[in-house]
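With mmCIF, C-alpha atoms inside, this is entry_27.cif:
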data_upload
loop_
_atom_site.label_atom_id
_atom_site.label_comp_id
_atom_site.auth_asym_id
_atom_site.auth_seq_id
_atom_site.Cartn_x
_atom_site.Cartn_y
_atom_site.Cartn_z
CA MET R 1 -12.88 13.29 -19.35
CA GLY R 2 -12.76 13.89 -15.62
CA LEU R 3 -12.98 11.00 -13.20
CA SER R 4 -15.44 11.54 -10.40
CA THR R 5 -14.35 11.50 -6.78
CA PRO R 6 -14.86 8.05 -5.26
CA SER R 7 -17.90 7.84 -3.03
CA THR R 8 -17.17 7.68 0.69
CA SER R 9 -20.71 8.09 2.03
CA HIS R 10 -20.25 4.97 4.17
CA LEU R 11 -17.92 7.05 6.38
CA SER R 12 -21.03 8.35 8.15
CA GLN R 13 -21.21 5.03 10.02
CA SER R 14 -20.02 5.44 13.63
CA LYS R 15 -17.39 2.69 13.27
CA TYR R 16 -15.56 5.11 10.96
CA ASP R 17 -15.65 8.10 13.34
CA SER R 18 -11.86 8.10 13.73
CA VAL R 19 -11.23 7.98 9.97
CA TYR R 20 -10.09 11.15 8.20
CA GLU R 21 -12.79 12.32 5.80
CA PRO R 22 -11.66 13.45 2.34
CA ALA R 23 -10.90 17.15 2.37
CA GLU R 24 -9.03 19.71 0.30
CA ASP R 25 -5.71 17.93 0.78
CA THR R 26 -7.26 14.70 -0.49
CA TYR R 27 -8.81 16.41 -3.51
CA LEU R 28 -5.54 18.11 -4.41
CA LEU R 29 -3.82 14.72 -4.53
CA LEU R 30 -6.65 13.33 -6.68
CA ASP R 31 -6.23 16.29 -9.06
CA ALA R 32 -2.49 15.64 -9.29
CA LEU R 33 -3.09 11.98 -10.17
CA GLU R 34 -5.71 12.93 -12.72
CA ASN R 35 -3.36 15.46 -14.33
CA ASP R 36 -0.70 12.74 -14.56
CA ARG R 37 -3.10 10.13 -15.86
CA SER R 38 -1.50 9.61 -19.25
CA GLN R 39 2.01 9.51 -17.77
CA ILE R 40 0.91 6.99 -15.17
CA GLN R 41 -0.80 4.83 -17.76
CA GLU R 42 2.32 4.93 -19.88
CA GLN R 43 4.41 3.95 -16.88
CA ALA R 44 2.18 0.86 -16.58
CA PRO R 45 2.76 0.35 -12.85
CA THR R 46 2.52 -3.13 -11.36
CA VAL R 47 2.78 -2.45 -7.63
CA CYS R 48 1.23 0.67 -6.07
CA VAL R 49 1.25 1.50 -2.37
CA GLU R 50 -0.66 4.14 -0.47
CA ILE R 51 0.62 4.80 3.04
CA GLY R 52 -1.95 6.08 5.51
CA SER R 53 -4.88 5.44 3.20
CA GLY R 54 -7.50 6.78 5.66
CA SER R 55 -10.86 6.63 3.90
CA GLY R 56 -9.34 4.89 0.89
CA CYS R 57 -10.50 7.68 -1.41
CA VAL R 58 -7.04 8.11 -2.95
CA SER R 59 -6.37 4.38 -3.37
CA ALA R 60 -9.72 3.93 -5.07
CA PHE R 61 -9.09 6.91 -7.31
CA LEU R 62 -5.64 5.62 -8.25
CA ALA R 63 -7.17 2.30 -9.27
CA GLN R 64 -9.69 4.14 -11.44
CA THR R 65 -6.97 6.38 -12.92
CA LEU R 66 -5.16 3.22 -14.05
CA ASP R 67 -8.20 1.74 -15.80
CA PRO R 68 -8.07 -0.33 -18.03
CA HIS R 69 -4.56 -1.10 -16.82
CA SER R 70 -4.24 -3.50 -13.90
CA ALA R 71 -2.00 -3.19 -10.84
CA LEU R 72 -1.69 -4.45 -7.29
CA VAL R 73 -2.80 -1.60 -5.01
CA LEU R 74 -1.78 -2.04 -1.39
CA SER R 75 -3.19 0.40 1.15
CA THR R 76 -1.71 0.65 4.62
CA ASP R 77 -2.88 2.43 7.75
CA ILE R 78 -2.21 2.05 11.48
CA ASN R 79 -5.86 2.75 12.29
CA PRO R 80 -7.93 -0.44 11.89
CA ALA R 81 -11.05 1.63 11.20
CA ALA R 82 -9.21 3.31 8.31
CA ALA R 83 -8.07 -0.02 6.87
CA LEU R 84 -11.70 -1.19 6.99
CA ALA R 85 -12.96 2.08 5.53
CA THR R 86 -10.47 1.73 2.68
CA GLN R 87 -11.73 -1.78 2.05
CA GLU R 88 -15.29 -0.54 1.86
CA THR R 89 -14.39 2.42 -0.36
CA ILE R 90 -12.61 0.14 -2.82
CA ALA R 91 -15.59 -2.23 -2.79
CA SER R 92 -18.17 0.54 -3.28
CA ASN R 93 -16.46 2.16 -6.24
CA ASP R 94 -15.57 0.37 -9.44
CA CYS R 95 -11.95 -0.58 -8.91
CA SER R 96 -12.30 -3.99 -10.55
CA ASN R 97 -9.41 -3.34 -12.93
CA CYS R 98 -7.02 -3.47 -9.98
CA VAL R 99 -6.21 -5.97 -7.26
CA SER R 100 -6.55 -4.10 -3.95
CA ASP R 101 -5.72 -5.24 -0.45
CA GLN R 102 -5.38 -3.44 2.87
CA ILE R 103 -2.78 -3.99 5.57
CA ARG R 104 -2.78 -2.59 9.06
CA THR R 105 0.79 -1.44 9.53
CA ARG R 106 3.01 1.61 9.94
CA PHE R 107 4.36 2.87 6.59
CA THR R 108 5.29 -0.36 4.74
CA GLN R 109 6.53 -2.25 7.74
CA ALA R 110 6.52 -6.05 7.32
CA MET R 111 6.63 -5.53 3.54
CA ASP R 112 9.83 -3.45 3.35
CA SER R 113 12.18 -6.15 2.19
CA ARG R 114 9.75 -7.70 -0.32
CA LEU R 115 8.77 -4.35 -1.79
CA ARG R 116 12.25 -2.87 -1.84
CA GLY R 117 12.99 -1.49 -5.30
CA SER R 118 9.57 -2.65 -6.36
CA ILE R 119 7.06 0.14 -5.72
CA ASP R 120 6.02 1.76 -8.99
CA ILE R 121 3.73 4.36 -7.44
CA LEU R 122 3.95 5.42 -3.80
CA LEU R 123 1.36 7.80 -2.35
CA PHE R 124 1.34 9.53 1.02
CA ASN R 125 -0.94 12.18 2.44
CA PRO R 126 0.81 12.34 5.80
CA PRO R 127 -0.23 13.76 9.13
CA TYR R 128 1.24 17.17 8.22
CA VAL R 129 -0.26 19.56 10.77
CA VAL R 130 2.24 21.34 13.01
CA THR R 131 1.55 20.17 16.58
CA PRO R 132 3.49 19.49 19.77
CA THR R 133 5.43 16.22 19.42
CA LYS R 134 3.37 14.56 22.13
CA GLU R 135 0.17 14.86 20.08
CA ILE R 136 1.39 12.47 17.40
CA ASP R 137 -0.54 9.17 17.48
CA VAL R 138 -2.15 10.11 20.80
CA THR R 139 -5.56 9.05 19.47
CA SER R 140 -6.63 7.36 16.24
CA GLU R 141 -8.05 10.67 15.03
CA ALA R 142 -4.84 12.56 15.84
CA SER R 143 -2.73 9.99 14.01
CA ALA R 144 -4.34 11.23 10.81
CA TRP R 145 -3.17 14.83 11.14
CA ALA R 146 -0.74 15.46 14.03
CA GLY R 147 2.71 15.90 12.52
CA GLY R 148 4.76 17.32 15.39
CA LYS R 149 7.55 19.82 14.82
CA HIS R 150 7.18 21.51 11.41
CA GLY R 151 4.53 18.83 10.80
CA ARG R 152 7.46 16.66 9.71
CA GLU R 153 8.04 14.16 12.46
CA VAL R 154 6.03 11.32 10.93
CA LEU R 155 7.08 12.05 7.34
CA ASP R 156 10.74 12.21 8.34
CA LEU R 157 10.60 8.57 9.43
CA LEU R 158 9.64 7.56 5.88
CA LEU R 159 11.78 9.88 3.77
CA PRO R 160 15.13 8.03 4.15
CA ASN R 161 13.50 4.87 2.75
CA VAL R 162 11.66 6.30 -0.25
CA ALA R 163 14.46 5.97 -2.79
CA HIS R 164 15.09 2.34 -1.76
CA MET R 165 11.43 1.41 -1.98
CA LEU R 166 10.78 2.85 -5.44
CA ALA R 167 11.15 0.75 -8.58
CA PRO R 168 13.53 2.05 -11.28
CA ARG R 169 10.89 4.25 -12.92
CA GLY R 170 8.94 4.69 -9.71
CA ARG R 171 7.07 7.80 -8.60
CA PHE R 172 6.24 9.20 -5.17
CA TYR R 173 3.40 11.68 -4.63
CA LEU R 174 3.36 13.56 -1.35
CA VAL R 175 0.95 16.11 0.18
CA VAL R 176 2.62 18.96 2.07
CA ILE R 177 1.83 22.36 3.53
CA GLU R 178 4.25 25.29 3.51
CA GLN R 179 5.14 24.79 7.18
CA ASN R 180 6.56 21.36 6.30
CA LYS R 181 9.41 23.14 4.48
CA PRO R 182 8.81 21.60 1.03
CA ASP R 183 12.09 22.94 -0.36
CA ASP R 184 13.92 21.08 2.36
CA ILE R 185 12.05 17.87 1.45
CA LEU R 186 12.90 18.36 -2.22
CA GLU R 187 16.55 18.80 -1.37
CA LEU R 188 16.66 15.80 0.96
CA LEU R 189 15.23 13.43 -1.62
CA GLN R 190 17.34 14.92 -4.38
CA ARG R 191 20.41 13.75 -2.44
CA ASP R 192 18.98 10.25 -2.76
CA GLY R 193 18.69 10.56 -6.52
CA LEU R 194 15.02 11.52 -6.70
CA LEU R 195 13.96 14.32 -9.00
CA GLY R 196 11.26 16.29 -7.20
CA GLU R 197 8.84 18.94 -8.31
CA ARG R 198 5.98 20.91 -6.80
CA ILE R 199 3.31 20.01 -9.34
CA LEU R 200 0.17 21.53 -7.81
CA SER R 201 -0.60 24.11 -5.14
CA ARG R 202 -3.77 25.40 -3.55
CA LYS R 203 -4.80 27.54 -0.63
CA ALA R 204 -7.48 25.91 1.50
CA GLY R 205 -8.44 28.10 4.43
CA ARG R 206 -5.21 28.78 6.29
CA GLU R 207 -3.38 25.86 4.72
CA HIS R 208 -1.16 26.42 1.72
CA LEU R 209 -1.15 22.92 0.25
CA SER R 210 1.12 21.46 -2.40
CA ILE R 211 1.66 18.13 -4.08
CA LEU R 212 5.28 17.13 -4.50
CA ARG R 213 6.06 14.48 -7.11
CA PHE R 214 9.34 12.59 -7.05
CA MET R 215 10.72 10.34 -9.75
CA LYS R 216 13.86 8.23 -9.91
CA GLU R 217 16.38 9.90 -12.14
CA MET I 1 -6.18 -10.44 1.95
CA ARG I 2 -5.23 -12.39 -1.12
CA LEU I 3 -2.28 -14.75 -1.25
CA ILE I 4 -0.43 -12.28 -3.47
CA THR I 5 -0.37 -9.85 -0.54
CA HIS I 6 0.59 -12.57 1.95
CA ASN I 7 3.57 -13.21 -0.34
CA MET I 8 4.77 -9.69 0.54
CA LEU I 9 4.59 -10.07 4.33
CA LYS I 10 7.58 -10.97 6.51
CA CYS I 11 7.95 -11.06 10.26
CA HIS I 12 9.59 -7.82 11.39
CA VAL I 13 9.99 -8.43 15.10
CA LYS I 14 13.33 -7.12 16.40
CA ASN I 15 16.08 -9.76 16.10
CA CYS I 16 13.86 -12.09 14.11
CA THR I 17 16.09 -12.31 11.09
CA ASP I 18 16.38 -15.92 9.91
CA PRO I 19 15.16 -15.60 6.32
CA ASP I 20 14.06 -19.21 6.22
CA LYS I 21 11.87 -18.80 9.27
CA GLN I 22 10.47 -15.25 9.07
CA PHE I 23 8.97 -15.73 5.60
CA PRO I 24 6.51 -16.89 4.53
CA LEU I 25 4.31 -16.50 7.57
CA ARG I 26 2.47 -19.69 8.41
CA PHE I 27 -1.31 -19.60 8.43
CA LYS I 28 -3.14 -20.76 11.56
CA ASP I 29 -6.88 -21.37 11.97
CA VAL I 30 -7.70 -19.49 8.81
CA GLN I 31 -11.03 -18.96 7.16
CA LEU I 32 -10.63 -18.86 3.38
CA GLU I 33 -13.00 -17.59 0.76
CA GLN I 34 -12.72 -18.15 -2.99
CA ILE I 35 -14.04 -15.12 -4.84
CA ASP I 36 -14.18 -15.27 -8.61
CA ALA I 37 -12.32 -12.55 -10.44
CA GLU I 38 -11.81 -11.89 -14.11
CA ARG I 39 -8.50 -13.25 -15.25
CA ASN I 40 -5.99 -10.80 -16.67
CA ASP I 41 -3.07 -12.75 -18.15
CA GLU I 42 -1.08 -9.62 -18.97
CA PHE I 43 -1.18 -8.64 -15.30
CA LEU I 44 -0.30 -12.15 -14.10
CA VAL I 45 2.76 -12.29 -16.35
CA ARG I 46 3.83 -8.83 -15.23
CA MET I 47 3.37 -9.75 -11.57
CA LEU I 48 5.31 -13.05 -11.85
CA PRO I 49 8.83 -11.66 -11.31
CA ARG I 50 7.69 -9.99 -8.08
CA ILE I 51 6.39 -13.23 -6.60
CA ASP I 52 8.61 -15.23 -4.28
CA TRP I 53 7.81 -18.59 -5.81
CA PRO I 54 9.27 -20.90 -3.13
CA ALA I 55 7.29 -19.02 -0.48
CA LEU I 56 4.10 -19.16 -2.53
CA SER I 57 4.64 -22.84 -3.22
CA LYS I 58 5.12 -23.56 0.49
CA THR I 59 2.01 -21.59 1.45
CA THR I 60 -0.26 -23.10 -1.18
CA LYS I 61 0.84 -26.58 -0.09
CA GLU I 62 -0.14 -25.73 3.49
CA LEU I 63 -3.57 -24.63 2.26
CA ASP I 64 -4.02 -27.62 -0.09
CA ILE I 65 -4.06 -25.35 -3.10
CA ILE I 66 -2.63 -26.75 -6.30
CA LEU I 67 0.25 -24.86 -7.84
CA PRO I 68 3.32 -26.12 -9.74
CA GLU I 69 6.63 -26.32 -7.81
CA THR I 70 8.35 -24.14 -10.37
CA VAL I 71 7.32 -21.56 -12.90
CA PRO I 72 7.17 -23.06 -16.43
CA GLY I 73 9.59 -21.83 -19.09
CA ASN I 74 6.86 -20.15 -21.12
CA PRO I 75 4.27 -18.97 -18.60
CA GLU I 76 2.53 -16.52 -20.97
CA ASN I 77 1.36 -19.38 -23.13
CA ASP I 78 0.61 -21.91 -20.44
CA GLU I 79 -3.16 -21.80 -19.94
CA GLU I 80 -3.22 -24.32 -17.13
CA PHE I 81 -0.46 -22.53 -15.25
CA LEU I 82 -2.07 -19.11 -15.62
CA GLN I 83 -5.42 -20.38 -14.40
CA ALA I 84 -3.85 -22.09 -11.38
CA LEU I 85 -1.83 -18.96 -10.60
CA HIS I 86 -4.85 -16.68 -10.95
CA THR I 87 -6.96 -18.83 -8.65
CA ALA I 88 -4.21 -19.15 -6.06
CA ILE I 89 -2.99 -15.59 -5.76
CA LEU I 90 -5.98 -13.49 -6.75
CA GLU I 91 -9.09 -15.49 -5.96
CA THR I 92 -8.08 -16.99 -2.62
CA HIS I 93 -8.90 -14.60 0.21
CA ILE I 94 -7.91 -15.11 3.82
CA LYS I 95 -10.72 -13.59 5.85
CA GLN I 96 -9.94 -14.47 9.46
CA GLY I 97 -7.25 -16.27 11.40
CA SER I 98 -3.62 -15.62 12.08
CA MET I 99 -0.14 -15.88 10.68
CA LEU I 100 2.67 -17.33 12.76
CA CYS I 101 6.34 -16.64 12.46
CA ASP I 102 8.33 -19.87 12.62
CA GLY I 103 11.33 -17.86 13.78
CA CYS I 104 10.09 -15.98 16.83
CA GLY I 105 6.58 -17.35 17.32
CA HIS I 106 4.88 -13.98 16.89
CA GLU I 107 1.26 -14.25 15.86
CA TYR I 108 -0.20 -11.67 13.48
CA LYS I 109 -3.99 -11.61 13.45
CA ILE I 110 -6.19 -11.29 10.35
CA THR I 111 -9.63 -9.70 10.78
CA ASN I 112 -12.10 -8.95 7.98
CA GLY I 113 -9.40 -9.87 5.52
CA ILE I 114 -6.99 -7.29 6.93
CA PRO I 115 -3.75 -8.48 8.55
CA ASN I 116 -2.47 -6.55 11.57
CA MET I 117 1.29 -6.21 11.23
CA LEU I 118 1.72 -3.70 14.07
CA LEU I 119 4.08 -4.69 16.85
CA ALA I 120 4.30 -3.87 20.55
CA GLU I 121 7.00 -1.41 21.73
CA HIS I 122 9.40 -4.12 22.89
CA GLU I 123 9.18 -6.00 19.60
CA ILE I 124 10.28 -3.11 17.39
#
Is it possible to give me this structure as structure tokens?
Amino acid sequence: MGLSTPSTSHLSQSKYDSVYEPAEDTYLLLDALENDRSQIQEQAPTVCVEIGSGSGCVSAFLAQTLDPHSALVLSTDINPAAALATQETIASNDCSNCVSDQIRTRFTQAMDSRLRGSIDILLFNPPYVVTPTKEIDVTSEASAWAGGKHGREVLDLLLPNVAHMLAPRGRFYLVVIEQNKPDDILELLQRDGLLGERILSRKAGREHLSILRFMKE
Amino acid sequence: MRLITHNMLKCHVKNCTDPDKQFPLRFKDVQLEQIDAERNDEFLVRMLPRIDWPALSKTTKELDIILPETVPGNPENDEEFLQALHTAILETHIKQGSMLCDGCGHEYKITNGIPNMLLAEHEI
């Protein structure tokens, strides 16, 4: 039975102008979570974190994918409008099985030491577009997609910490495009003891999107 | 933001490293809201090991919320404990105000229930 995409119609409000609207990359991540639904339910996660939650569509969908299981779902974003949008998306879709809170922060900063070795599911749809370095974070809108050289500059700040953050049976789902050099990412995280796999791929316009899933060996 | 989430937040200003001072963050001028939520004992018991109990105990005392000093030996069967825990960590929402670091004095603001943990360039 397919889960429907969480409603994000409230994004039409002008206060959410800078928030990234769900698009093909978002939907591909939702599909990956849905495909893994029984595995995720079996894993019975307790702490889930979405970095750069944007509209909150993915966080809300994760909560619904877990139903009737309960978990703490923490959504972070540097853009205050996105944190608010995530809050509204969670509230407007039935995510009552989970406990969801939003934090305005970069990656998991301020929670790193408390969440170390404790994140059961980590999700990130990063700013992956290849752009000049100086475009990263230049505006709230740009912070959602500008990824600098190879579209990797923001992601590369997180990658060295992923293995430390994940719980023993933890999983990390990541959205990438071909220009991000997914094989390189797989290799990098493999060196840290994470087993990675390209689990879904789709062409959307000029973007060749993939979802990479990493699990602790 | 619920108290369970506050229990995960530490001051991360550069050179602010005294563990006794940087965590938990101290609430200042906060607006609380109690919102009823269905109790899920299985989740509470599963969440227990992840909670820093001394920090939670300190924070609930500051907010005049009743919670035992220590976790009972058999929490899964302790109705009173589970109810107190549920109310404290899941039903208590901090809507507005700030959180102060006793170590470096940094003030993190909370707006619409969302804490802002971002720092200025010189603080990173």
Selection result for the PyMOL selection byres ((chain R and resi 79-89) around 9) on this file, as a PyMOL selection string: (chain R and resi 6-11+15-20+52-57+59-60+75-78+90-93+100-105+140-141+143-144) or (chain I and resi 112+114+116)
Residues within 10 Å of Ala142 (chain R), all atoms listed in the file, excluding chain neighbours under 4 positions, as number ranges by chain: R: 18-20, 127, 129, 131, 135-138, 146-147
Point-to-point distance from CA of Ile119 (chain R) to CA of Gln96 (chain I), Å rounded to tenths: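 Computed distance, CA of Ile119 (chain R) to CA of Gln96 (chain I), equals 27.1 Å.
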Selection result for the PyMOL selection byres ((chain R and resi 45) around 10) on this file, as a list of chain:residue names: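 Applied to this file, the PyMOL selection byres ((chain R and resi 45) around 10) returns R:Ile40, R:Gln41, R:Glu42, R:Gln43, R:Ala44, R:Thr46, R:Val47, R:Cys48, R:Leu66, R:His69, R:Ser70, R:Ala71, R:Leu72, R:Val73, R:Ser118, R:Ile119, R:Asp120, R:Ile121, R:Ala167, R:Arg169, R:Gly170, R:Arg171, I:Arg46.
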Between CA of Leu174 (chain R) and CA of Ser96 (chain R) - distance in Å to one decimal: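 It comes out at 25.3 Å.
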Test item: the PyMOL selection byres ((chain I and resi 48-63) around 8) resolved as a VMD selection string: (chain R and resid 118) or (chain I and resid 3 to 4 7 23 to 24 26 to 27 44 to 47 64 to 71 88)
Proximity to chain I - best of R:Thr5, R:Ser14, R:Ser113, R:Asn35, all atoms listed in the file: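 For chain I, the nearest of the given residues is R:Ser113.
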Distance of CA of Met8 (chain I) from CA of Met165 (chain R), expressed in Å to one decimal place: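 Spanning CA of Met165 (chain R) to CA of Met8 (chain I) is a straight-line distance of 13.2 Å.
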Residue nearest chain R among I:Asn74, I:Thr5, I:Gln83, I:Thr17 (counting all atoms listed in the file):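 Among the listed residues, the smallest separation from chain R belongs to I:Thr5.
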Distance query 6 Å from (-2.8, 9.4, 1.4) using all atoms listed in the file, result as an MDAnalysis selection string: chainID R and resid 50:53 123:125
Best match for closeness to chain R among I:Asp102, I:Glu42, I:Glu107, I:Glu79, counting only C-alpha atoms: I:Glu42
Distance criterion (only C-alpha atoms): nearest to Cys16 (chain I) out of I:Met117, I:Ile110, I:Cys101, I:Ile35: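 Closest candidate: I:Cys101.
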Residue nearest chain R - candidates I:Asn77, I:Ser98, I:Ala84, I:Gly113, atoms counted: only C-alpha atoms: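 Looking only at the distances to chain R, the closest residue turns out to be I:Gly113.
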At a cut-off of 12 Å around the point (4.0, -6.9, 17.0) (file coordinates), what residues fall inside when counting all atoms listed in the file? I'd like the answer as an mmCIF file with C-alpha atoms, in the coordinates of the input.
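Writing done, so here's selection31.cif:
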data_model
loop_
_atom_site.group_PDB
_atom_site.id
_atom_site.type_symbol
_atom_site.label_atom_id
_atom_site.label_comp_id
_atom_site.auth_asym_id
_atom_site.auth_seq_id
_atom_site.Cartn_x
_atom_site.Cartn_y
_atom_site.Cartn_z
ATOM 1 C CA ARG R 104 -2.780 -2.590 9.060
ATOM 2 C CA THR R 105 0.790 -1.440 9.530
ATOM 3 C CA ARG R 106 3.010 1.610 9.940
ATOM 4 C CA GLN R 109 6.530 -2.250 7.740
ATOM 5 C CA ALA R 110 6.520 -6.050 7.320
ATOM 6 C CA LYS I 10 7.580 -10.970 6.510
ATOM 7 C CA CYS I 11 7.950 -11.060 10.260
ATOM 8 C CA HIS I 12 9.590 -7.820 11.390
ATOM 9 C CA VAL I 13 9.990 -8.430 15.100
ATOM 10 C CA LYS I 14 13.330 -7.120 16.400
ATOM 11 C CA CYS I 16 13.860 -12.090 14.110
ATOM 12 C CA MET I 99 -0.140 -15.880 10.680
ATOM 13 C CA LEU I 100 2.670 -17.330 12.760
ATOM 14 C CA CYS I 101 6.340 -16.640 12.460
ATOM 15 C CA CYS I 104 10.090 -15.980 16.830
ATOM 16 C CA GLY I 105 6.580 -17.350 17.320
ATOM 17 C CA HIS I 106 4.880 -13.980 16.890
ATOM 18 C CA GLU I 107 1.260 -14.250 15.860
ATOM 19 C CA TYR I 108 -0.200 -11.670 13.480
ATOM 20 C CA LYS I 109 -3.990 -11.610 13.450
ATOM 21 C CA PRO I 115 -3.750 -8.480 8.550
ATOM 22 C CA ASN I 116 -2.470 -6.550 11.570
ATOM 23 C CA MET I 117 1.290 -6.210 11.230
ATOM 24 C CA LEU I 118 1.720 -3.700 14.070
ATOM 25 C CA LEU I 119 4.080 -4.690 16.850
ATOM 26 C CA ALA I 120 4.300 -3.870 20.550
ATOM 27 C CA GLU I 121 7.000 -1.410 21.730
ATOM 28 C CA HIS I 122 9.400 -4.120 22.890
ATOM 29 C CA GLU I 123 9.180 -6.000 19.600
ATOM 30 C CA ILE I 124 10.280 -3.110 17.390
#
Which of R:Thr133, R:Asn161, R:Asn180, R:Asn97 sits closest to Glu38 (chain I) [using all atoms listed in the file]: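 Under the stated criterion, the closest residue is R:Asn97.
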Calculate, to one decimal in Å, the centre and edge lengths of the box along x, y and z of the file that holds all listed atoms of region 199-204 of chain R with 3 Å of margin on each side, and present them as JSON.
{"center_x": -2.1, "center_y": 23.8, "center_z": -3.9, "size_x": 16.8, "size_y": 13.5, "size_z": 16.8}
